[in-house]
Amino acid sequence: MIILRMAAKRGSLNGMKWRYIVRRLCIAVPTFFGITLIVYIIASFAPGSPLDAFLADPRITAAELARKKTAMGLDRPVAVQYLMWLKAFLGGDFGFSFSTKKPVLDVIIQRMGPTLLLAFSSVVLSVAAAVFLGISAASRINTVRDYAASGLSLFMLSSPNFFVGLVLIYIFSVKLKLLPSNGLYDSAGEKSFGMLLRHMILPVLVLSFQHIGNWTRHMRSSVISTLTEDYIRTARAKGLGRTQTILRHALRNSLTPLLTVIGMSIPEFVGGAVITEQIFSWPGVGSLMVQAISSRDYPVIMGITVFVALLALLSNLVTDILYGQLDPRVRYE
Amino acid sequence: MDDVSFDVGEGEILGVVGESGCGKTMSMLSVMRLLPDNGRVLEGSALFRGMDIMSLSEREMCAVRGRRISLIFQDPLSALNPSMTVGYQIMEPFLIHRTLTKKEAKEAALNLMRKVGIPSPERRFSEYPHNLSGGMRQRIMIAAALSCRPSLLIADEPTTALDVSIQAQILELLLSLREDTNMAIILVTHDLGVVSEVADNVLVMYAGRDIEYGTAEEVLSRPKHPYTNGLLRSVPKLEDDVFMLDPIAGSIPRACEMPDGCRFHPRCPSAADMCRSEKPGRYPGSGNSYVSCFLYRNV
């Protein structure tokens with residue numbers, strides 16, 4: 001009872017919120033280490049070894065291979081290998097890439113920029129498009145507008161992004177020669193912001209495609225159910241027009257269910273951008289991940305895992321906090 | 001709904017009574033032209049100060065809603081937006097209908113909150129509906145409805161969701177507001193006690209039709225229509241020694257299976273052959289009163 005009464009006061013509500021955040025972060029710690037453990041085990045048990053790359057060299061001897069194996073620590077049991085990685089990681093050492101010999105942290109940070117740029121732009125585009133399409137459909141259900149928006153979202157939802165990527169490249173790069181299809185910049189010419197933007201259009205579109213379809217459907221059903229609420233009728237009775245009622249009264253309350261869906265898919269924009277980055281030769285974390293996995297480069301795999309796991313945990317926390325911002329009835333307990 | 005008609009004069013309180021589901025709320029919503037998507041006004045007119053509301057464009061109608069005619073609802077918790085401060089919800093009609101600055105609107109809203117009896121309005125202003133009690137929420141609804149000084153307030157069961165003690169406070173508030181502003185009030189309710197306390201005139205509805213109209217005194221103490229009679233008999237009275245309620249047998253027919261003739265005839269104790277086939281007209285009594293029952297055709 002005392003806690004409830006305290007929570008009713010504005011000042012201590014903020015206190016509750018901070019305590020909630022701290023508690024959530026504490027819970028996130030074991031989750032985080034659990035993720036790294038599982039990924040390490042799966043990567044180790046996958047067939048093949050980082051040593052396979054050396055076999056391409058016909059002059060390499062068995063003794064040389066054994067020496068390298070010991071030097072990389074691969075002769076020890078997987079559990080010991082993980083603990084060694086963990087010990088180094090806790091000391092801030094991400095290790096060196098097996099294949100390029102560069103420090104893992106440097107490689108990832110260098111790749112993080114393009115990935116975050118792509119992910120952020122795609123999230124913004126997806127939210128904007130889904131909210132717009134969802135509202136357009138929901139505000140006039142069972143009309144041509146609704147069928148068009150719903151049909152489009154179903155089409156987008158069910159188009160795999162490797163296919164969409166190839167189709168868009170064929171249309172806009174090969175046939176129309178309007179947009180570039182690989183990299184951050186053209187190989188020639190000055191690297192300007194405008195050039196970067198042009199290079200971003202297709203990858204962002206492809207990465208957003210399925211999410212727009214999915215989120216539009218969520219937004220549509222959320223707005224439809226919000227519009228049946230009594231307070232919508234109240235807003236209309238005050239003299240607000242249809243559109244204004246939707247924008248001022250329905251929009252915010254419809255966003256809460258969508259927020260959960262968005263929060264859960266944020267990691268997909270970084271970790272799941274693998275295919276999109278491959279198609280467009282985007283120098284990001286996703287394509288680095290593909291290289292690392294195919295060469296069994298454990299330190300790089302683990303480094304990327306750390307960042308994606310942190311991002312996933314963080315976006316879940318941010319989602320829950322935003323939830324409370326959108327809906328004042330939410331209590332942090 | 002079929003052929004409902006009623007008048008309200010300035011400063012008058014009209015009580016609209018009837019069982020749940022008889023079309024009270026729908027008639028009110030159709031006056032506001034806010035029927036849900038599956039409802040439509042097929043024909044009819046609503047004259048408001050000589051202006052036919054049914055012929056207004058949607059845009060003109062928006063200028064009437066909340067400014068000339070206001071509506072308050074049964075359940076103030078669901079009728080208030082949960083994610084907006086109550087202060088904003090009171091200010092909103094000002095921002096829609098008048099060109100006030102935010103500051104002026106806030107000042108006006110605080111005045112309204114004082115007027116409807118909300119203690120420490122400055123603090124309440126920035127609170128959300130879920131922080132307030134049921135009575136306070138209904139006061140917020142009333143404050144928002146009154147903000148543009150409407151000449152007609154439609155109160156759809158404003159006290160049904162409230163405690164009895166709070167009910168009395170809200171009714172008193174409505175009465176005093178009527179004194180101040182001389183606005184007309186349509187009070188929709190199924191509580192005959194509420195009607196007898198505050199209404200000047202009463203309209204009784206049954207199954208989508210108006211069946212009796214007259215002054216509150218007349219209708220409640222000398223009911224004519226057998227349905228009104230039954231309605232009054234099913235109210236418990238304290239002065240009776242024995243608590244024997246006399247409910248009306250049967251239940252209200254569904255919209256898809258309305259009986260021919262008088263819609264009440266299957267439940268009516270004095271139904272005659274004629275009632276089964278012909279629709280009764282409105283037969284006048286004293287003053288403006290009328291009753292829609294063949295028993296009074298020749299009176």
# chains A, B, ... in the order shown; residues from 1 in each chain; ligands from 1

$ interface_residues --of "chain B" --to "chain A" --cutoff "10 Å" --atoms "only C-alpha atoms" --output "NGL selection string"
:B and (29 or 32-36 or 58-85 or 89-90 or 92-94 or 96-97 or 127-131 or 141 or 144-145 or 147-148)

$ select_by_dssp --residues "stretch 121-242 of chain B" --states "strand (DSSP E)" --output "number ranges by chain"
B: 152-156, 184-189, 201-206, 209-215

$ residues_around --residues "B:Leu152" --least-positions-apart "5" --cutoff "6 Å" --atoms "only C-alpha atoms" --output "PDB file with C-alpha atoms, in the first residue's frame"
ATOM      1  CA  ILE B  69     -24.557  20.751 -28.549  1.00  0.00           C
ATOM      2  CA  MET B 183     -29.018  25.538 -21.388  1.00  0.00           C
ATOM      3  CA  ALA B 184     -31.386  22.725 -22.241  1.00  0.00           C
ATOM      4  CA  ILE B 185     -30.522  19.251 -20.999  1.00  0.00           C
TER       5      ILE B 185
END

$ residues_around --residues "A:Leu55" --least-positions-apart "6" --cutoff "10 Å" --atoms "only C-alpha atoms" --output "PDB file with N, CA, C and O atoms, in the first residue's frame"
ATOM      1  N   THR A  61      53.154 -28.119 -43.205  1.00  0.00           N
ATOM      2  CA  THR A  61      53.416 -29.445 -42.622  1.00  0.00           C
ATOM      3  C   THR A  61      52.470 -29.694 -41.463  1.00  0.00           C
ATOM      4  O   THR A  61      51.865 -28.761 -40.927  1.00  0.00           O
ATOM      5  N   ALA A  62      52.349 -30.964 -41.064  1.00  0.00           N
ATOM      6  CA  ALA A  62      51.489 -31.341 -39.954  1.00  0.00           C
ATOM      7  C   ALA A  62      51.981 -30.702 -38.660  1.00  0.00           C
ATOM      8  O   ALA A  62      51.203 -30.238 -37.830  1.00  0.00           O
ATOM      9  N   LEU A  65      50.919 -27.106 -38.547  1.00  0.00           N
ATOM     10  CA  LEU A  65      49.492 -27.005 -38.212  1.00  0.00           C
ATOM     11  C   LEU A  65      49.281 -27.193 -36.724  1.00  0.00           C
ATOM     12  O   LEU A  65      48.537 -26.442 -36.088  1.00  0.00           O
TER      13      LEU A  65
END

$ residues_around --residues "stretch 178-194 of chain A" --least-positions-apart "5" --cutoff "10 Å" --atoms "only C-alpha atoms" --output "JSON, numbers by chain"
{"A": [114, 165, 166, 168, 169, 170, 171, 172, 173, 199, 200, 201, 202, 203, 277, 278, 279, 280, 281, 282, 283, 284]}
